[in-house]
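What follows is the content of final_15.cif, which has mmCIF, N, CA, C and O atoms, pLDDT in the B column; chains and numbers go by the auth columns:
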data_run
loop_
_atom_site.group_PDB
_atom_site.id
_atom_site.type_symbol
_atom_site.label_atom_id
_atom_site.label_comp_id
_atom_site.label_asym_id
_atom_site.label_seq_id
_atom_site.Cartn_x
_atom_site.Cartn_y
_atom_site.Cartn_z
_atom_site.B_iso_or_equiv
_atom_site.auth_seq_id
_atom_site.auth_asym_id
ATOM 1 N N MET A 1 0.835 -1.186 0.000 45.00 1 L
ATOM 2 C CA MET A 1 0.000 0.000 0.000 45.00 1 L
ATOM 3 C C MET A 1 0.877 1.246 0.000 45.00 1 L
ATOM 4 O O MET A 1 1.716 1.412 0.864 45.00 1 L
ATOM 5 N N GLN A 2 0.670 2.090 -0.997 49.00 2 L
ATOM 6 C CA GLN A 2 1.477 3.302 -1.079 49.00 2 L
ATOM 7 C C GLN A 2 0.750 4.470 -0.431 49.00 2 L
ATOM 8 O O GLN A 2 -0.434 4.674 -0.632 49.00 2 L
ATOM 9 N N THR A 3 1.502 5.226 0.349 54.00 3 L
ATOM 10 C CA THR A 3 0.946 6.411 0.986 54.00 3 L
ATOM 11 C C THR A 3 1.739 7.630 0.539 54.00 3 L
ATOM 12 O O THR A 3 2.753 7.507 -0.137 54.00 3 L
ATOM 13 N N LEU A 4 1.292 8.816 0.951 52.00 4 L
ATOM 14 C CA LEU A 4 1.962 10.044 0.560 52.00 4 L
ATOM 15 C C LEU A 4 3.368 10.101 1.144 52.00 4 L
ATOM 16 O O LEU A 4 4.264 10.686 0.561 52.00 4 L
ATOM 17 N N ALA A 5 3.572 9.452 2.290 54.00 5 L
ATOM 18 C CA ALA A 5 4.864 9.496 2.948 54.00 5 L
ATOM 19 C C ALA A 5 5.817 8.428 2.405 54.00 5 L
ATOM 20 O O ALA A 5 6.934 8.316 2.865 54.00 5 L
ATOM 21 N N SER A 6 5.405 7.652 1.436 53.00 6 L
ATOM 22 C CA SER A 6 6.252 6.610 0.874 53.00 6 L
ATOM 23 C C SER A 6 7.287 7.209 -0.063 53.00 6 L
ATOM 24 O O SER A 6 6.998 8.112 -0.834 53.00 6 L
ATOM 25 N N TRP A 7 8.506 6.681 -0.019 54.00 7 L
ATOM 26 C CA TRP A 7 9.584 7.189 -0.879 54.00 7 L
ATOM 27 C C TRP A 7 9.687 6.393 -2.173 54.00 7 L
ATOM 28 O O TRP A 7 10.589 6.638 -2.965 54.00 7 L
ATOM 29 N N ASN A 8 8.793 5.434 -2.403 62.00 8 L
ATOM 30 C CA ASN A 8 8.890 4.579 -3.591 62.00 8 L
ATOM 31 C C ASN A 8 8.339 5.284 -4.818 62.00 8 L
ATOM 32 O O ASN A 8 7.196 5.098 -5.209 62.00 8 L
ATOM 33 N N GLY A 9 9.148 6.118 -5.440 62.00 9 L
ATOM 34 C CA GLY A 9 8.752 6.774 -6.679 62.00 9 L
ATOM 35 C C GLY A 9 7.851 7.975 -6.476 62.00 9 L
ATOM 36 O O GLY A 9 7.464 8.618 -7.433 62.00 9 L
ATOM 37 N N GLY A 10 7.530 8.321 -5.253 65.00 10 L
ATOM 38 C CA GLY A 10 6.658 9.459 -4.990 65.00 10 L
ATOM 39 C C GLY A 10 7.449 10.653 -4.480 65.00 10 L
ATOM 40 O O GLY A 10 8.646 10.551 -4.223 65.00 10 L
ATOM 41 N N PRO A 11 6.803 11.790 -4.349 68.00 11 L
ATOM 42 C CA PRO A 11 7.495 12.986 -3.880 68.00 11 L
ATOM 43 C C PRO A 11 7.814 12.944 -2.393 68.00 11 L
ATOM 44 O O PRO A 11 8.628 13.713 -1.922 68.00 11 L
ATOM 45 N N GLY A 12 7.186 12.041 -1.667 68.00 12 L
ATOM 46 C CA GLY A 12 7.447 11.935 -0.246 68.00 12 L
ATOM 47 C C GLY A 12 6.720 13.003 0.542 68.00 12 L
ATOM 48 O O GLY A 12 5.908 13.748 0.004 68.00 12 L
ATOM 49 N N PRO A 13 7.014 13.089 1.831 73.00 13 L
ATOM 50 C CA PRO A 13 6.300 14.043 2.695 73.00 13 L
ATOM 51 C C PRO A 13 6.645 15.498 2.399 73.00 13 L
ATOM 52 O O PRO A 13 5.960 16.398 2.856 73.00 13 L
ATOM 53 N N TRP A 14 7.724 15.752 1.634 74.00 14 L
ATOM 54 C CA TRP A 14 8.132 17.134 1.351 74.00 14 L
ATOM 55 C C TRP A 14 7.073 17.900 0.586 74.00 14 L
ATOM 56 O O TRP A 14 7.013 19.125 0.670 74.00 14 L
ATOM 57 N N ILE A 15 6.209 17.186 -0.161 80.00 15 L
ATOM 58 C CA ILE A 15 5.178 17.881 -0.946 80.00 15 L
ATOM 59 C C ILE A 15 4.207 18.631 -0.027 80.00 15 L
ATOM 60 O O ILE A 15 3.587 19.612 -0.427 80.00 15 L
ATOM 61 N N LEU A 16 4.112 18.208 1.223 81.00 16 L
ATOM 62 C CA LEU A 16 3.230 18.886 2.166 81.00 16 L
ATOM 63 C C LEU A 16 3.787 20.243 2.590 81.00 16 L
ATOM 64 O O LEU A 16 3.036 21.110 3.031 81.00 16 L
ATOM 65 N N PHE A 17 5.103 20.429 2.481 86.00 17 L
ATOM 66 C CA PHE A 17 5.723 21.668 2.947 86.00 17 L
ATOM 67 C C PHE A 17 5.652 22.782 1.920 86.00 17 L
ATOM 68 O O PHE A 17 5.759 23.948 2.286 86.00 17 L
ATOM 69 N N PHE A 18 5.495 22.461 0.643 89.00 18 L
ATOM 70 C CA PHE A 18 5.507 23.505 -0.379 89.00 18 L
ATOM 71 C C PHE A 18 4.383 24.523 -0.213 89.00 18 L
ATOM 72 O O PHE A 18 4.652 25.724 -0.292 89.00 18 L
ATOM 73 N N PRO A 19 3.141 24.127 0.052 90.00 19 L
ATOM 74 C CA PRO A 19 2.102 25.147 0.290 90.00 19 L
ATOM 75 C C PRO A 19 2.413 26.008 1.507 90.00 19 L
ATOM 76 O O PRO A 19 2.138 27.207 1.506 90.00 19 L
ATOM 77 N N LEU A 20 3.012 25.427 2.531 93.00 20 L
ATOM 78 C CA LEU A 20 3.354 26.211 3.721 93.00 20 L
ATOM 79 C C LEU A 20 4.454 27.216 3.406 93.00 20 L
ATOM 80 O O LEU A 20 4.422 28.353 3.885 93.00 20 L
ATOM 81 N N ILE A 21 5.435 26.798 2.593 94.00 21 L
ATOM 82 C CA ILE A 21 6.517 27.709 2.213 94.00 21 L
ATOM 83 C C ILE A 21 5.963 28.869 1.396 94.00 21 L
ATOM 84 O O ILE A 21 6.301 30.031 1.635 94.00 21 L
ATOM 85 N N TRP A 22 5.082 28.581 0.428 94.00 22 L
ATOM 86 C CA TRP A 22 4.502 29.652 -0.393 94.00 22 L
ATOM 87 C C TRP A 22 3.655 30.578 0.452 94.00 22 L
ATOM 88 O O TRP A 22 3.675 31.800 0.257 94.00 22 L
ATOM 89 N N ALA A 23 2.918 30.045 1.406 96.00 23 L
ATOM 90 C CA ALA A 23 2.107 30.891 2.291 96.00 23 L
ATOM 91 C C ALA A 23 3.007 31.819 3.109 96.00 23 L
ATOM 92 O O ALA A 23 2.712 33.005 3.260 96.00 23 L
ATOM 93 N N ALA A 24 4.123 31.303 3.604 97.00 24 L
ATOM 94 C CA ALA A 24 5.052 32.130 4.376 97.00 24 L
ATOM 95 C C ALA A 24 5.653 33.226 3.505 97.00 24 L
ATOM 96 O O ALA A 24 5.802 34.371 3.947 97.00 24 L
ATOM 97 N N VAL A 25 5.974 32.913 2.249 97.00 25 L
ATOM 98 C CA VAL A 25 6.531 33.914 1.341 97.00 25 L
ATOM 99 C C VAL A 25 5.514 35.019 1.078 97.00 25 L
ATOM 100 O O VAL A 25 5.840 36.205 1.121 97.00 25 L
ATOM 101 N N VAL A 26 4.279 34.637 0.814 97.00 26 L
ATOM 102 C CA VAL A 26 3.232 35.631 0.527 97.00 26 L
ATOM 103 C C VAL A 26 2.975 36.506 1.748 97.00 26 L
ATOM 104 O O VAL A 26 2.908 37.730 1.638 97.00 26 L
ATOM 105 N N ILE A 27 2.855 35.898 2.918 97.00 27 L
ATOM 106 C CA ILE A 27 2.613 36.675 4.142 97.00 27 L
ATOM 107 C C ILE A 27 3.784 37.611 4.417 97.00 27 L
ATOM 108 O O ILE A 27 3.589 38.778 4.779 97.00 27 L
ATOM 109 N N GLY A 28 4.995 37.129 4.217 96.00 28 L
ATOM 110 C CA GLY A 28 6.169 37.979 4.423 96.00 28 L
ATOM 111 C C GLY A 28 6.195 39.150 3.456 96.00 28 L
ATOM 112 O O GLY A 28 6.492 40.283 3.843 96.00 28 L
ATOM 113 N N ALA A 29 5.873 38.918 2.192 95.00 29 L
ATOM 114 C CA ALA A 29 5.861 39.993 1.197 95.00 29 L
ATOM 115 C C ALA A 29 4.793 41.025 1.533 95.00 29 L
ATOM 116 O O ALA A 29 5.036 42.237 1.463 95.00 29 L
ATOM 117 N N VAL A 30 3.610 40.573 1.928 94.00 30 L
ATOM 118 C CA VAL A 30 2.541 41.505 2.285 94.00 30 L
ATOM 119 C C VAL A 30 2.948 42.331 3.504 94.00 30 L
ATOM 120 O O VAL A 30 2.726 43.543 3.542 94.00 30 L
ATOM 121 N N THR A 31 3.578 41.706 4.479 94.00 31 L
ATOM 122 C CA THR A 31 4.005 42.428 5.678 94.00 31 L
ATOM 123 C C THR A 31 5.033 43.496 5.328 94.00 31 L
ATOM 124 O O THR A 31 4.944 44.637 5.795 94.00 31 L
ATOM 125 N N VAL A 32 6.007 43.149 4.500 93.00 32 L
ATOM 126 C CA VAL A 32 7.034 44.117 4.113 93.00 32 L
ATOM 127 C C VAL A 32 6.417 45.271 3.330 93.00 32 L
ATOM 128 O O VAL A 32 6.733 46.441 3.576 93.00 32 L
ATOM 129 N N LEU A 33 5.527 44.966 2.398 92.00 33 L
ATOM 130 C CA LEU A 33 4.901 46.027 1.607 92.00 33 L
ATOM 131 C C LEU A 33 4.057 46.951 2.490 92.00 33 L
ATOM 132 O O LEU A 33 4.065 48.167 2.296 92.00 33 L
ATOM 133 N N ARG A 34 3.348 46.388 3.448 90.00 34 L
ATOM 134 C CA ARG A 34 2.531 47.227 4.335 90.00 34 L
ATOM 135 C C ARG A 34 3.419 48.139 5.171 90.00 34 L
ATOM 136 O O ARG A 34 3.108 49.313 5.352 90.00 34 L
ATOM 137 N N ARG A 35 4.508 47.604 5.675 89.00 35 L
ATOM 138 C CA ARG A 35 5.391 48.423 6.516 89.00 35 L
ATOM 139 C C ARG A 35 6.034 49.542 5.701 89.00 35 L
ATOM 140 O O ARG A 35 6.145 50.666 6.189 89.00 35 L
ATOM 141 N N THR A 36 6.461 49.248 4.497 87.00 36 L
ATOM 142 C CA THR A 36 7.080 50.292 3.680 87.00 36 L
ATOM 143 C C THR A 36 6.037 51.319 3.259 87.00 36 L
ATOM 144 O O THR A 36 6.330 52.500 3.203 87.00 36 L
ATOM 145 N N ALA A 37 4.804 50.897 3.013 81.00 37 L
ATOM 146 C CA ALA A 37 3.743 51.831 2.644 81.00 37 L
ATOM 147 C C ALA A 37 3.416 52.745 3.825 81.00 37 L
ATOM 148 O O ALA A 37 3.206 53.944 3.648 81.00 37 L
ATOM 149 N N TRP A 38 3.402 52.175 5.043 72.00 38 L
ATOM 150 C CA TRP A 38 3.117 52.998 6.217 72.00 38 L
ATOM 151 C C TRP A 38 4.221 54.032 6.421 72.00 38 L
ATOM 152 O O TRP A 38 3.956 55.173 6.768 72.00 38 L
ATOM 153 N N ARG A 39 5.478 53.637 6.201 70.00 39 L
ATOM 154 C CA ARG A 39 6.584 54.582 6.363 70.00 39 L
ATOM 155 C C ARG A 39 6.491 55.690 5.320 70.00 39 L
ATOM 156 O O ARG A 39 6.771 56.834 5.616 70.00 39 L
ATOM 157 N N GLY A 40 6.103 55.331 4.114 65.00 40 L
ATOM 158 C CA GLY A 40 6.013 56.318 3.046 65.00 40 L
ATOM 159 C C GLY A 40 4.933 57.362 3.324 65.00 40 L
ATOM 160 O O GLY A 40 5.051 58.510 2.913 65.00 40 L
ATOM 161 N N ARG A 41 3.885 56.978 4.023 62.00 41 L
ATOM 162 C CA ARG A 41 2.784 57.898 4.331 62.00 41 L
ATOM 163 C C ARG A 41 3.063 58.708 5.602 62.00 41 L
ATOM 164 O O ARG A 41 2.282 59.587 5.933 62.00 41 L
ATOM 165 N N GLY A 42 4.117 58.376 6.318 56.00 42 L
ATOM 166 C CA GLY A 42 4.390 59.076 7.564 56.00 42 L
ATOM 167 C C GLY A 42 3.453 58.657 8.665 56.00 42 L
ATOM 168 O O GLY A 42 2.939 59.481 9.415 56.00 42 L
ATOM 169 N N GLY A 43 3.224 57.394 8.765 50.00 43 L
ATOM 170 C CA GLY A 43 2.312 56.868 9.771 50.00 43 L
ATOM 171 C C GLY A 43 2.891 56.961 11.172 50.00 43 L
ATOM 172 O O GLY A 43 3.967 57.520 11.362 50.00 43 L
ATOM 173 N N PRO A 44 2.222 56.424 12.146 51.00 44 L
ATOM 174 C CA PRO A 44 2.662 56.517 13.553 51.00 44 L
ATOM 175 C C PRO A 44 3.998 55.858 13.804 51.00 44 L
ATOM 176 O O PRO A 44 4.293 54.826 13.311 51.00 44 L
#

Show this structure as structure tokens.
Amino acid sequence: MQTLASWNGGPGPWILFFPLIWAAVVIGAVTVLRRTAWRGRGGP
């Protein structure tokens, strides 16, 4: 029985981390853009 965590010709458990990595990249980019936008406007 093959499962997602099997290394027999499959991507293995690493495929589960890719959506998390992309989510972290997007959240980080949004955070940086918001902070730079706030600085540009002279926020608090």

With 5 Å on each side, where is the centre of the axis-aligned box around all listed atoms of range 22-29 of chain L, and how long are its edges in Å to one decimal, as AutoDock Vina command-line options?
--center_x 4.3 --center_y 35.4 --center_z 2.2 --size_x 14.4 --size_y 23.7 --size_z 15.2

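Atom to atom, CA of Ile15 in chain L and CA of Ala29 in chain L stand 22.2 Å apart.
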
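One finds CA of Ala37 in chain L at 15.8 Å from atom O of Val25 in chain L.
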
**Report entry** Atom pair atom C of Thr36 in chain L / atom O of Ala24 in chain L: separation (Å)
**Finding:** 17.0 Å
